[in-house]
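Right, one structure below, let's go through it.
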Amino acid sequence: MLFDGLRIGYAFCGSFCTIKKSMVKLKELRLLGCDLLPIMSETTYSTDTRFGKASDIISEIEYITGKKVLKNIVETEPIGPKKLVDILVIAPCTGNTLAKIKNAITDTSVTMAAKSHLRIARPLLLCISTNDGLGGSGANITSLINTKNIYFTPFMQDDHINKINSLSADFDLLIPSIESALEGRQLQPILKKAK
């Protein structure tokens, strides 16, 4: 698969501890020649945490992509109708966003981007990061695994001793997951052994 010129919508949700991992992949995709459209949830766009200041994260994302971050429903709604991207990646995708996508709730920039993109039957890749993946979010994950045009970056328990219900995508497999999703395949195995 050639990535040069591939148009990727790349959305960030509020698993703040995972954003730096995701930005490493954003840089790799840029180096491969991808045309990246950055999106941030309203919460991620406006919240300073112990993992970084929102303004610094925004500046870095805009520097990497060369584009302004889309940050509200009005800005992300045209993604589908205007066919702006070939694939939409949500990395990280929180349990909250998973639940909203599963239940067709469109009240954030990221969920609007997902709805808008799915309406034209293009692939959506979810890179989950949720502390309740084996708890309350579990049913949403299994439902979305069986939903047409939705794919997952393979995931694992990220700390089976201290956070027994927590699941996180293996970000090392994000780029191969994009390739598979564009071919209409789920990268397997979807469940990975913890590192």
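By order of appearance in the structure tokens: chains A, B, ..., then residues from 1 within every chain, and ligands from 1 in the order shown.
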As an mmCIF file with N, CA and C atoms, in the first residue's frame, please: every residue in segment 108-164 of chain A that DSSP puts in strand (DSSP E or B).
data_model
loop_
_atom_site.group_PDB
_atom_site.id
_atom_site.type_symbol
_atom_site.label_atom_id
_atom_site.label_comp_id
_atom_site.auth_asym_id
_atom_site.auth_seq_id
_atom_site.Cartn_x
_atom_site.Cartn_y
_atom_site.Cartn_z
ATOM 1 N N LEU A 124 -13.499 3.506 9.092
ATOM 2 C CA LEU A 124 -13.229 4.189 10.356
ATOM 3 C C LEU A 124 -12.377 3.245 11.194
ATOM 4 N N LEU A 125 -11.209 3.711 11.634
ATOM 5 C CA LEU A 125 -10.301 2.904 12.441
ATOM 6 C C LEU A 125 -10.271 3.458 13.862
ATOM 7 N N LEU A 126 -10.592 2.602 14.830
ATOM 8 C CA LEU A 126 -10.619 2.997 16.233
ATOM 9 C C LEU A 126 -9.403 2.423 16.956
ATOM 10 N N CYS A 127 -8.680 3.289 17.651
ATOM 11 C CA CYS A 127 -7.530 2.882 18.465
ATOM 12 C C CYS A 127 -7.918 3.127 19.916
ATOM 13 N N ILE A 128 -8.461 2.098 20.532
ATOM 14 C CA ILE A 128 -9.087 2.310 21.833
ATOM 15 C C ILE A 128 -8.079 2.515 22.957
ATOM 16 N N SER A 129 -8.523 3.287 23.927
ATOM 17 C CA SER A 129 -7.804 3.473 25.183
ATOM 18 C C SER A 129 -8.871 3.764 26.224
ATOM 19 N N THR A 130 -9.229 2.725 26.976
ATOM 20 C CA THR A 130 -10.314 2.871 27.935
ATOM 21 C C THR A 130 -10.079 2.003 29.166
ATOM 22 N N ILE A 150 -16.233 -0.354 10.214
ATOM 23 C CA ILE A 150 -15.519 0.016 11.445
ATOM 24 C C ILE A 150 -14.486 -1.063 11.742
ATOM 25 N N TYR A 151 -13.264 -0.610 11.999
ATOM 26 C CA TYR A 151 -12.135 -1.497 12.256
ATOM 27 C C TYR A 151 -11.430 -1.043 13.538
ATOM 28 N N PHE A 152 -10.656 -1.939 14.114
ATOM 29 C CA PHE A 152 -9.915 -1.657 15.342
ATOM 30 C C PHE A 152 -8.431 -1.911 15.129
ATOM 31 N N PHE A 155 -5.767 -4.612 20.161
ATOM 32 C CA PHE A 155 -5.636 -4.064 21.518
ATOM 33 C C PHE A 155 -5.355 -5.159 22.533
ATOM 34 N N MET A 156 -4.980 -4.717 23.732
ATOM 35 C CA MET A 156 -4.599 -5.641 24.802
ATOM 36 C C MET A 156 -4.889 -5.009 26.148
ATOM 37 N N GLN A 157 -4.822 -5.828 27.188
ATOM 38 C CA GLN A 157 -4.855 -5.272 28.532
ATOM 39 C C GLN A 157 -3.530 -4.558 28.743
#
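Omitting Asp107 of chain A and its sequence neighbours fewer than 4 positions away, and counting only C-alpha atoms, the residues within 12 Å are A:Ser41, A:Glu42, A:Thr43, A:Lys71, A:Asn72, A:Ile73, A:Val74, A:Thr76, A:Glu77, A:Asn96, A:Thr97, A:Ala99, A:Lys100, A:Ile101, A:Asn103, A:Thr111, A:Met112, A:Ala113, A:Ala114, A:Lys115.
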Since we have the selection now, will you write its residues out, keeping N, CA and C atoms, as a short mmCIF file (atom, residue, chain, number, x, y, z; two decimals), in the first residue's frame?
data_model
loop_
_atom_site.label_atom_id
_atom_site.label_comp_id
_atom_site.auth_asym_id
_atom_site.auth_seq_id
_atom_site.Cartn_x
_atom_site.Cartn_y
_atom_site.Cartn_z
N SER A 41 -11.32 16.40 19.93
CA SER A 41 -12.57 16.59 20.66
C SER A 41 -12.48 17.92 21.40
N GLU A 42 -13.62 18.49 21.68
CA GLU A 42 -13.67 19.78 22.36
C GLU A 42 -12.93 19.70 23.70
N THR A 43 -13.10 18.59 24.41
CA THR A 43 -12.44 18.43 25.71
C THR A 43 -10.93 18.38 25.55
N LYS A 71 -12.19 21.42 15.45
CA LYS A 71 -12.44 21.30 16.87
C LYS A 71 -13.91 21.41 17.28
N ASN A 72 -14.81 21.46 16.32
CA ASN A 72 -16.23 21.51 16.68
C ASN A 72 -17.07 20.82 15.60
N ILE A 73 -18.33 20.64 15.91
CA ILE A 73 -19.25 19.92 15.03
C ILE A 73 -19.38 20.59 13.67
N VAL A 74 -19.46 21.89 13.65
CA VAL A 74 -19.62 22.63 12.38
C VAL A 74 -18.43 22.37 11.46
N THR A 76 -16.39 19.71 11.46
CA THR A 76 -16.20 18.32 11.04
C THR A 76 -17.36 17.76 10.22
N GLU A 77 -18.50 18.40 10.23
CA GLU A 77 -19.66 17.89 9.48
C GLU A 77 -19.39 17.69 7.98
N ASN A 96 -15.93 6.64 26.21
CA ASN A 96 -17.04 7.58 26.01
C ASN A 96 -17.34 7.74 24.52
N THR A 97 -16.31 7.93 23.72
CA THR A 97 -16.51 8.08 22.27
C THR A 97 -17.00 6.77 21.65
N ALA A 99 -18.93 4.57 23.06
CA ALA A 99 -20.35 4.46 23.40
C ALA A 99 -21.19 5.37 22.50
N LYS A 100 -20.69 6.57 22.24
CA LYS A 100 -21.44 7.50 21.40
C LYS A 100 -21.52 7.02 19.95
N ILE A 101 -20.42 6.50 19.42
CA ILE A 101 -20.44 5.98 18.06
C ILE A 101 -21.39 4.80 17.97
N ASN A 103 -23.98 4.15 19.70
CA ASN A 103 -25.37 4.56 19.88
C ASN A 103 -25.77 5.74 19.00
N THR A 111 -17.29 12.63 17.15
CA THR A 111 -18.42 11.76 16.78
C THR A 111 -19.11 12.26 15.51
N MET A 112 -19.12 13.56 15.31
CA MET A 112 -19.66 14.09 14.04
C MET A 112 -18.76 13.68 12.88
N ALA A 113 -17.45 13.76 13.07
CA ALA A 113 -16.53 13.33 12.02
C ALA A 113 -16.78 11.86 11.66
N ALA A 114 -16.96 11.02 12.69
CA ALA A 114 -17.20 9.59 12.46
C ALA A 114 -18.52 9.38 11.71
N LYS A 115 -19.58 10.02 12.17
CA LYS A 115 -20.89 9.86 11.52
C LYS A 115 -20.83 10.34 10.07
#
Selection near Gly9 of chain A, 12 Å with only C-alpha atoms, sequence-local residues under 6 positions removed, as an MDAnalysis selection string = chainID A and resid 26 29 34:40 65 67 69:70 76 79:80 83:91 110 113:114 116:117 122:126 178
Quick one: residues within 10 Å of Leu187 of chain A, only C-alpha atoms counted, chain neighbours fewer than 6 positions away excluded, as a PyMOL selection string?
-> chain A and resi 151-154+173-174+176-181
Restricting the output to all heavy atoms, write the selected residues as an mmCIF file, in the first residue's frame.
data_model
loop_
_atom_site.group_PDB
_atom_site.id
_atom_site.type_symbol
_atom_site.label_atom_id
_atom_site.label_comp_id
_atom_site.auth_asym_id
_atom_site.auth_seq_id
_atom_site.Cartn_x
_atom_site.Cartn_y
_atom_site.Cartn_z
ATOM 1 N N TYR A 151 -13.264 -0.610 11.999
ATOM 2 C CA TYR A 151 -12.135 -1.497 12.256
ATOM 3 C C TYR A 151 -11.430 -1.043 13.538
ATOM 4 O O TYR A 151 -11.564 0.104 13.963
ATOM 5 C CB TYR A 151 -11.152 -1.462 11.074
ATOM 6 C CG TYR A 151 -11.826 -1.825 9.775
ATOM 7 C CD1 TYR A 151 -12.403 -0.839 8.971
ATOM 8 C CD2 TYR A 151 -11.926 -3.155 9.370
ATOM 9 C CE1 TYR A 151 -13.065 -1.171 7.795
ATOM 10 C CE2 TYR A 151 -12.575 -3.496 8.189
ATOM 11 C CZ TYR A 151 -13.144 -2.498 7.411
ATOM 12 O OH TYR A 151 -13.797 -2.832 6.256
ATOM 13 N N PHE A 152 -10.656 -1.939 14.114
ATOM 14 C CA PHE A 152 -9.915 -1.657 15.342
ATOM 15 C C PHE A 152 -8.431 -1.911 15.129
ATOM 16 O O PHE A 152 -8.055 -2.890 14.476
ATOM 17 C CB PHE A 152 -10.396 -2.553 16.488
ATOM 18 C CG PHE A 152 -11.710 -2.148 17.083
ATOM 19 C CD1 PHE A 152 -12.900 -2.451 16.444
ATOM 20 C CD2 PHE A 152 -11.761 -1.454 18.284
ATOM 21 C CE1 PHE A 152 -14.119 -2.084 16.987
ATOM 22 C CE2 PHE A 152 -12.977 -1.077 18.838
ATOM 23 C CZ PHE A 152 -14.159 -1.391 18.188
ATOM 24 N N THR A 153 -7.614 -1.041 15.702
ATOM 25 C CA THR A 153 -6.211 -1.387 15.864
ATOM 26 C C THR A 153 -6.187 -2.461 16.954
ATOM 27 O O THR A 153 -6.842 -2.292 17.986
ATOM 28 C CB THR A 153 -5.388 -0.156 16.303
ATOM 29 O OG1 THR A 153 -5.460 0.831 15.273
ATOM 30 C CG2 THR A 153 -3.940 -0.518 16.548
ATOM 31 N N PRO A 154 -5.489 -3.585 16.735
ATOM 32 C CA PRO A 154 -5.471 -4.625 17.771
ATOM 33 C C PRO A 154 -5.125 -4.049 19.149
ATOM 34 O O PRO A 154 -4.326 -3.115 19.265
ATOM 35 C CB PRO A 154 -4.390 -5.586 17.270
ATOM 36 C CG PRO A 154 -4.507 -5.475 15.772
ATOM 37 C CD PRO A 154 -4.748 -4.004 15.540
ATOM 38 N N LEU A 173 0.863 -1.119 15.835
ATOM 39 C CA LEU A 173 0.096 -1.736 14.741
ATOM 40 C C LEU A 173 -0.874 -0.766 14.071
ATOM 41 O O LEU A 173 -1.694 -1.175 13.253
ATOM 42 C CB LEU A 173 -0.672 -2.955 15.274
ATOM 43 C CG LEU A 173 0.210 -4.111 15.744
ATOM 44 C CD1 LEU A 173 -0.643 -5.212 16.350
ATOM 45 C CD2 LEU A 173 1.060 -4.649 14.594
ATOM 46 N N LEU A 174 -0.775 0.512 14.383
ATOM 47 C CA LEU A 174 -1.703 1.485 13.793
ATOM 48 C C LEU A 174 -1.555 1.564 12.272
ATOM 49 O O LEU A 174 -2.549 1.505 11.546
ATOM 50 C CB LEU A 174 -1.504 2.867 14.424
ATOM 51 C CG LEU A 174 -2.528 3.914 14.009
ATOM 52 C CD1 LEU A 174 -2.852 4.818 15.189
ATOM 53 C CD2 LEU A 174 -2.049 4.753 12.847
ATOM 54 N N PRO A 176 -0.170 -0.682 10.049
ATOM 55 C CA PRO A 176 -0.705 -1.889 9.391
ATOM 56 C C PRO A 176 -2.231 -1.989 9.478
ATOM 57 O O PRO A 176 -2.873 -2.512 8.563
ATOM 58 C CB PRO A 176 -0.038 -3.039 10.157
ATOM 59 C CG PRO A 176 1.189 -2.458 10.765
ATOM 60 C CD PRO A 176 0.869 -1.022 11.039
ATOM 61 N N SER A 177 -2.809 -1.443 10.562
ATOM 62 C CA SER A 177 -4.272 -1.458 10.695
ATOM 63 C C SER A 177 -4.936 -0.556 9.662
ATOM 64 O O SER A 177 -6.016 -0.871 9.156
ATOM 65 C CB SER A 177 -4.688 -1.022 12.107
ATOM 66 O OG SER A 177 -4.236 -1.939 13.070
ATOM 67 N N ILE A 178 -4.293 0.556 9.348
ATOM 68 C CA ILE A 178 -4.808 1.442 8.289
ATOM 69 C C ILE A 178 -4.809 0.703 6.956
ATOM 70 O O ILE A 178 -5.800 0.729 6.215
ATOM 71 C CB ILE A 178 -3.978 2.745 8.215
ATOM 72 C CG1 ILE A 178 -4.224 3.615 9.455
ATOM 73 C CG2 ILE A 178 -4.302 3.518 6.930
ATOM 74 C CD1 ILE A 178 -3.299 4.823 9.560
ATOM 75 N N GLU A 179 -3.697 0.031 6.653
ATOM 76 C CA GLU A 179 -3.623 -0.736 5.404
ATOM 77 C C GLU A 179 -4.746 -1.762 5.313
ATOM 78 O O GLU A 179 -5.425 -1.864 4.290
ATOM 79 C CB GLU A 179 -2.279 -1.461 5.316
ATOM 80 C CG GLU A 179 -1.106 -0.568 5.027
ATOM 81 C CD GLU A 179 0.144 -1.385 4.784
ATOM 82 O OE1 GLU A 179 0.244 -1.963 3.675
ATOM 83 O OE2 GLU A 179 1.001 -1.453 5.669
ATOM 84 N N SER A 180 -4.938 -2.526 6.386
ATOM 85 C CA SER A 180 -5.976 -3.560 6.393
ATOM 86 C C SER A 180 -7.367 -2.965 6.226
ATOM 87 O O SER A 180 -8.179 -3.466 5.457
ATOM 88 C CB SER A 180 -5.923 -4.362 7.703
ATOM 89 O OG SER A 180 -4.772 -5.157 7.737
ATOM 90 N N ALA A 181 -7.638 -1.884 6.956
ATOM 91 C CA ALA A 181 -8.966 -1.259 6.882
ATOM 92 C C ALA A 181 -9.252 -0.759 5.469
ATOM 93 O O ALA A 181 -10.371 -0.891 4.967
ATOM 94 C CB ALA A 181 -9.070 -0.123 7.890
#
Residues within 9 Å of Gly136 of chain A, only C-alpha atoms, excluding chain neighbours under 4 positions, as a PyMOL selection string = chain A and resi 95+132+140
Please return as a PyMOL selection string: the residues of chain A that backbone DSSP assigns to helix (DSSP H, G or I).
-> chain A and resi 16-31+42-46+54-65+73-79+95-102+109-118+138-145+171-182
Grab the atom CA of Ala169 of chain A to atom CA of Tyr63 of chain A distance for me, in Å with one decimal place.
->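 Between atom CA of Ala169 of chain A and atom CA of Tyr63 of chain A the gap is 24.8 Å.
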In terms of the shortest atom-to-atom distance over only C-alpha atoms, which of A:Ser59, A:Ser166, A:Asn149, A:Thr49 is closest to Cys17 of chain A?
-> A:Thr49
Between atom CA of Ile175 of chain A and atom CA of Leu6 of chain A lies a distance of 12.1 Å
